[in-house]
Amino acid sequence: MDDDELKSRLTALTRDLILIPSTESRPEERGRCFDLLAHHLDSLPDVRIDYYEINDHRSMVVRPEGIQFPEVLLCGHLDVIEHSQPNCYRSKIENGRIYGPGSGDMKGQIAILTELQRSLQTRHPGISVGLAITSDEERGGLDGVRYLCKTVGLRCGQAIIPDGGSLNDITVEEKGVIHGRIRQSGHEAHGARPWLGENAVEKLMVRLTRLKLHFAKYWPVESIEEQVNHWFPTCCVTIIRTENTTPNRIPDQAEATIDVRFPPPHTLESMTAEIQELLGPDCEFEPLMTAEPTHLAPDPLFSEITAELTGNPVRLVKASGGSDSRFFRDHNIPVNLSRPLVGNLHAIDEWIDIESMVTYYRICERYIERKLNPA
Ligand SMILES: [Zn+2]
């Protein structure tokens with residue numbers, strides 16, 4: 001297939017996918033997305049499609065007949081985030097880009113992975129390549145990639161996840177994450193007699209300030225370069241709440257949610273202990289979602305081919321955000337995490353660059369063909 005034909009196939013499939021609002025609140029739309037992809041793949045001879053479903057989150061795994069653990073697994077998620085604007089799930093083409101919700105995260109990439117699997121299995125029937133599509137990444141990936149790896153027992157030699165980095169930026173490390181809830185209690189009293197009470201909101205504010213001041217010490221004020229590299233712990237207060245609705249009542253309860261990110265040598269254990277210690281004993285801290293910092297161990301051959309096909313050097317980058325990669329790393333599976341050029345992620349005018357979709361496709365294609373050396 002020449003580049004022009006590939007370009008039009010990838011563009012058409014991406015735009016068809018964007019039209020389906022496959023958000024968390026619409027499981028039937030996510031189902032339609034799976035159907036659309038299956039229609040592109042189910043006519044392949046000797047290819048099996050398996051579905052797994054937990055908590056309303058379906059996953060689809062496409063493998064050649066008889067191959068349970070493929071050498072290379074292409075992996076992506078078809079869920080997109082919820083937008084409140086009506087009829088916004090549509091796309092347009094401008095400046096060589098596809099604009100639309102989910103175009104870059106990651107329906108454009110889903111189109112690439114689906115087309116890769118179709119084309120590879122057609123040209124090299126039975127080649128040891130699998131495709132796994134999940135539908136809960138934006139919610140944390142527990143029912144998707146984690147379920148597939150941990151419960152179903154899906155394994156592979158190498159995972160390819162085009163959901164981070166950039167065309168020439170291959171992610172080598174991701175920060176650890178702690179999303180946690182802080183609960184502070186006090187004693188209620190009338191607002192006119194504060195000496196009789198213990199104000200939970202005010203106590204919480206002091207704790208949060210202590211937390212902010214502590215994390216400020218990690219911030220490399222002196223070095224712009226280190227700030228850009230962002231390879232230090234950060235802490236954001238994202239939600240503050242109290243059940244109190246009465247202006248003249250001193251609240252006896254308040255809570256806050258924080259989002260903490262940290263690189264090695266910090267660990268979940270050391271970071272949680274640090275937070276707990278700063279908050280003090282009368283403050284309850286409950287982790288909601290956690291992940292250790294993750295080293296992805298990308299294949300040097302993938303970097304080599306990326307440089308070859310783009311004519312530009314590859315940067316091995318560290319990421320402040322997380323991805324589904326960590327669930328593969330829990331089972332020691334190496335991950336190649338890079339992607340086409342994308343922008344404005346999670347906005348309505350999110351985009352993916354079409355030329356770079358073709359380049360990324362060719363990178364994966366050549367990588368797989370060189371690595372697996374099919375007849
Ligand atoms: Zn994503």
# chains A, B, ... in the order shown; residues from 1 in each chain; ligands from 1
>>> residues_near_ligand(ligand="ligand 1", cutoff="9 Å", atoms="only C-alpha atoms and all ligand atoms", output="PDB file with all heavy atoms, in the first residue's frame")
ATOM      1  N   GLY A  76      -3.930  -0.164  22.737  1.00  0.00           N
ATOM      2  CA  GLY A  76      -4.504   1.176  22.806  1.00  0.00           C
ATOM      3  C   GLY A  76      -5.852   1.165  23.509  1.00  0.00           C
ATOM      4  O   GLY A  76      -6.384   0.105  23.827  1.00  0.00           O
ATOM      5  N   HIS A  77      -6.389   2.368  23.749  1.00  0.00           N
ATOM      6  CA  HIS A  77      -7.703   2.474  24.389  1.00  0.00           C
ATOM      7  C   HIS A  77      -8.632   3.298  23.510  1.00  0.00           C
ATOM      8  O   HIS A  77      -8.196   4.287  22.902  1.00  0.00           O
ATOM      9  CB  HIS A  77      -7.587   3.108  25.779  1.00  0.00           C
ATOM     10  CG  HIS A  77      -7.125   4.533  25.792  1.00  0.00           C
ATOM     11  ND1 HIS A  77      -8.002   5.593  25.688  1.00  0.00           N
ATOM     12  CD2 HIS A  77      -5.901   5.084  25.891  1.00  0.00           C
ATOM     13  CE1 HIS A  77      -7.313   6.732  25.731  1.00  0.00           C
ATOM     14  NE2 HIS A  77      -6.038   6.445  25.846  1.00  0.00           N
ATOM     15  N   LEU A  78      -9.900   2.896  23.436  1.00  0.00           N
ATOM     16  CA  LEU A  78     -10.839   3.625  22.576  1.00  0.00           C
ATOM     17  C   LEU A  78     -11.751   4.567  23.350  1.00  0.00           C
ATOM     18  O   LEU A  78     -12.559   5.282  22.760  1.00  0.00           O
ATOM     19  CB  LEU A  78     -11.649   2.652  21.698  1.00  0.00           C
ATOM     20  CG  LEU A  78     -12.501   1.558  22.338  1.00  0.00           C
ATOM     21  CD1 LEU A  78     -13.704   2.104  23.071  1.00  0.00           C
ATOM     22  CD2 LEU A  78     -12.933   0.565  21.270  1.00  0.00           C
ATOM     23  N   ASP A  79     -11.630   4.580  24.685  1.00  0.00           N
ATOM     24  CA  ASP A  79     -12.453   5.524  25.452  1.00  0.00           C
ATOM     25  C   ASP A  79     -11.884   6.932  25.308  1.00  0.00           C
ATOM     26  O   ASP A  79     -10.681   7.124  25.152  1.00  0.00           O
ATOM     27  CB  ASP A  79     -12.518   5.123  26.935  1.00  0.00           C
ATOM     28  CG  ASP A  79     -11.142   4.927  27.563  1.00  0.00           C
ATOM     29  OD1 ASP A  79     -10.301   4.256  26.948  1.00  0.00           O
ATOM     30  OD2 ASP A  79     -10.907   5.467  28.665  1.00  0.00           O
ATOM     31  N   VAL A  80     -12.779   7.893  25.313  1.00  0.00           N
ATOM     32  CA  VAL A  80     -12.383   9.307  25.250  1.00  0.00           C
ATOM     33  C   VAL A  80     -13.053  10.033  26.410  1.00  0.00           C
ATOM     34  O   VAL A  80     -14.008   9.521  26.998  1.00  0.00           O
ATOM     35  CB  VAL A  80     -12.816   9.972  23.916  1.00  0.00           C
ATOM     36  CG1 VAL A  80     -12.072   9.357  22.748  1.00  0.00           C
ATOM     37  CG2 VAL A  80     -14.320   9.877  23.704  1.00  0.00           C
ATOM     38  N   GLY A 102     -10.605  13.260  20.989  1.00  0.00           N
ATOM     39  CA  GLY A 102     -10.043  11.916  20.979  1.00  0.00           C
ATOM     40  C   GLY A 102      -9.146  11.624  19.791  1.00  0.00           C
ATOM     41  O   GLY A 102      -8.589  10.530  19.687  1.00  0.00           O
ATOM     42  N   GLY A 104      -6.160  12.627  19.035  1.00  0.00           N
ATOM     43  CA  GLY A 104      -4.776  12.333  19.411  1.00  0.00           C
ATOM     44  C   GLY A 104      -4.664  11.413  20.622  1.00  0.00           C
ATOM     45  O   GLY A 104      -3.578  10.926  20.939  1.00  0.00           O
ATOM     46  N   ASP A 105      -5.768  11.178  21.299  1.00  0.00           N
ATOM     47  CA  ASP A 105      -5.761  10.365  22.541  1.00  0.00           C
ATOM     48  C   ASP A 105      -7.015   9.511  22.594  1.00  0.00           C
ATOM     49  O   ASP A 105      -7.924   9.821  23.327  1.00  0.00           O
ATOM     50  CB  ASP A 105      -5.664  11.284  23.765  1.00  0.00           C
ATOM     51  CG  ASP A 105      -5.569  10.507  25.062  1.00  0.00           C
ATOM     52  OD1 ASP A 105      -5.273   9.307  25.014  1.00  0.00           O
ATOM     53  OD2 ASP A 105      -5.829  11.094  26.125  1.00  0.00           O
ATOM     54  N   MET A 106      -7.053   8.408  21.824  1.00  0.00           N
ATOM     55  CA  MET A 106      -6.034   8.034  20.872  1.00  0.00           C
ATOM     56  C   MET A 106      -6.656   7.314  19.683  1.00  0.00           C
ATOM     57  O   MET A 106      -6.238   6.236  19.293  1.00  0.00           O
ATOM     58  CB  MET A 106      -4.938   7.166  21.562  1.00  0.00           C
ATOM     59  CG  MET A 106      -5.489   5.939  22.270  1.00  0.00           C
ATOM     60  SD  MET A 106      -4.189   4.944  23.112  1.00  0.00           S
ATOM     61  CE  MET A 106      -3.210   4.294  21.747  1.00  0.00           C
ATOM     62  N   GLU A 137      -8.999   3.469  29.901  1.00  0.00           N
ATOM     63  CA  GLU A 137      -7.709   4.081  30.244  1.00  0.00           C
ATOM     64  C   GLU A 137      -7.891   5.415  30.936  1.00  0.00           C
ATOM     65  O   GLU A 137      -7.202   5.736  31.899  1.00  0.00           O
ATOM     66  CB  GLU A 137      -6.840   4.244  28.993  1.00  0.00           C
ATOM     67  CG  GLU A 137      -5.367   4.545  29.290  1.00  0.00           C
ATOM     68  CD  GLU A 137      -5.049   6.023  29.491  1.00  0.00           C
ATOM     69  OE1 GLU A 137      -5.897   6.887  29.153  1.00  0.00           O
ATOM     70  OE2 GLU A 137      -3.970   6.342  29.997  1.00  0.00           O
ATOM     71  N   GLU A 138      -8.851   6.200  30.453  1.00  0.00           N
ATOM     72  CA  GLU A 138      -9.065   7.531  31.037  1.00  0.00           C
ATOM     73  C   GLU A 138      -9.560   7.431  32.478  1.00  0.00           C
ATOM     74  O   GLU A 138      -9.526   8.403  33.223  1.00  0.00           O
ATOM     75  CB  GLU A 138     -10.050   8.353  30.183  1.00  0.00           C
ATOM     76  CG  GLU A 138      -9.621   8.568  28.728  1.00  0.00           C
ATOM     77  CD  GLU A 138      -8.366   9.450  28.573  1.00  0.00           C
ATOM     78  OE1 GLU A 138      -7.841   9.932  29.585  1.00  0.00           O
ATOM     79  OE2 GLU A 138      -7.922   9.614  27.419  1.00  0.00           O
ATOM     80  N   PRO A 162       1.059   3.605  21.628  1.00  0.00           N
ATOM     81  CA  PRO A 162       1.262   4.973  21.114  1.00  0.00           C
ATOM     82  C   PRO A 162       0.441   6.008  21.879  1.00  0.00           C
ATOM     83  O   PRO A 162      -0.375   6.715  21.311  1.00  0.00           O
ATOM     84  CB  PRO A 162       0.822   4.870  19.652  1.00  0.00           C
ATOM     85  CG  PRO A 162       0.011   3.630  19.546  1.00  0.00           C
ATOM     86  CD  PRO A 162       0.171   2.814  20.778  1.00  0.00           C
ATOM     87  N   ASP A 163       0.659   6.111  23.192  1.00  0.00           N
ATOM     88  CA  ASP A 163      -0.161   6.975  24.037  1.00  0.00           C
ATOM     89  C   ASP A 163       0.706   7.843  24.942  1.00  0.00           C
ATOM     90  O   ASP A 163       0.324   8.172  26.065  1.00  0.00           O
ATOM     91  CB  ASP A 163      -1.109   6.095  24.871  1.00  0.00           C
ATOM     92  CG  ASP A 163      -2.268   6.894  25.446  1.00  0.00           C
ATOM     93  OD1 ASP A 163      -2.571   7.980  24.919  1.00  0.00           O
ATOM     94  OD2 ASP A 163      -2.864   6.441  26.441  1.00  0.00           O
ATOM     95  N   GLY A 164       1.903   8.197  24.460  1.00  0.00           N
ATOM     96  CA  GLY A 164       2.793   9.045  25.247  1.00  0.00           C
ATOM     97  C   GLY A 164       4.001   9.388  24.401  1.00  0.00           C
ATOM     98  O   GLY A 164       4.168   8.852  23.306  1.00  0.00           O
ATOM     99  N   SER A 323       0.731   6.096  32.184  1.00  0.00           N
ATOM    100  CA  SER A 323      -0.042   5.459  31.117  1.00  0.00           C
ATOM    101  C   SER A 323      -0.317   4.020  31.528  1.00  0.00           C
ATOM    102  O   SER A 323       0.068   3.586  32.608  1.00  0.00           O
ATOM    103  CB  SER A 323       0.740   5.482  29.806  1.00  0.00           C
ATOM    104  OG  SER A 323       1.828   4.578  29.878  1.00  0.00           O
ATOM    105  N   ASP A 324      -0.961   3.272  30.628  1.00  0.00           N
ATOM    106  CA  ASP A 324      -1.215   1.856  30.874  1.00  0.00           C
ATOM    107  C   ASP A 324       0.068   1.018  30.908  1.00  0.00           C
ATOM    108  O   ASP A 324       0.034  -0.150  31.285  1.00  0.00           O
ATOM    109  CB  ASP A 324      -2.135   1.306  29.778  1.00  0.00           C
ATOM    110  CG  ASP A 324      -3.607   1.540  30.088  1.00  0.00           C
ATOM    111  OD1 ASP A 324      -3.935   1.768  31.272  1.00  0.00           O
ATOM    112  OD2 ASP A 324      -4.426   1.480  29.161  1.00  0.00           O
ATOM    113  N   LEU A 345      -4.587  17.876  23.763  1.00  0.00           N
ATOM    114  CA  LEU A 345      -5.238  16.668  24.254  1.00  0.00           C
ATOM    115  C   LEU A 345      -6.304  16.996  25.301  1.00  0.00           C
ATOM    116  O   LEU A 345      -6.125  17.884  26.119  1.00  0.00           O
ATOM    117  CB  LEU A 345      -4.203  15.710  24.847  1.00  0.00           C
ATOM    118  CG  LEU A 345      -3.127  15.229  23.868  1.00  0.00           C
ATOM    119  CD1 LEU A 345      -2.237  14.187  24.523  1.00  0.00           C
ATOM    120  CD2 LEU A 345      -3.740  14.659  22.593  1.00  0.00           C
TER     121      LEU A 345
END
>>> closest_residue(among="A:Leu301, A:Cys88, A:Val260, A:Leu211", to="Leu372 of chain A", atoms="only C-alpha atoms")
A:Leu301
>>> closest_residue(among="A:Met205, A:Leu309, A:Ile178, A:Ile81", to="Pro263 of chain A", atoms="only C-alpha atoms")
A:Ile178
>>> residues_around(residues="segment 338-344 of chain A", least_positions_apart="2", cutoff="10 Å", atoms="only C-alpha atoms", output="MDAnalysis selection string")
chainID A and resid 97:106 108:109 112 160:172 298 302:303 306 316:317 335:336 346:361
>>> select_by_dssp(residues="segment 16-160 of chain A", states="helix (DSSP H, G or I)", output="ChimeraX atom specification")
/A:16-18,27-41,103-123,137-139,142-152
>>> atom_distance(atom1="atom CA of Glu24 of chain A", atom2="atom CA of Thr257 of chain A")
21.6 Å
>>> atom_distance(atom1="atom CA of Ala256 of chain A", atom2="atom CA of Arg146 of chain A")
27.5 Å
>>> select_by_dssp(residues="segment 93-255 of chain A", states="strand (DSSP E)", output="number ranges by chain")
A: 93-94, 97-99, 129-134, 158-160, 169-174, 176-185, 189-190, 234-241, 249-250, 253-255
>>> closest_residue(among="A:Ile182, A:Leu41, A:Leu204, A:Val61", to="Glu284 of chain A", atoms="only C-alpha atoms")
A:Ile182
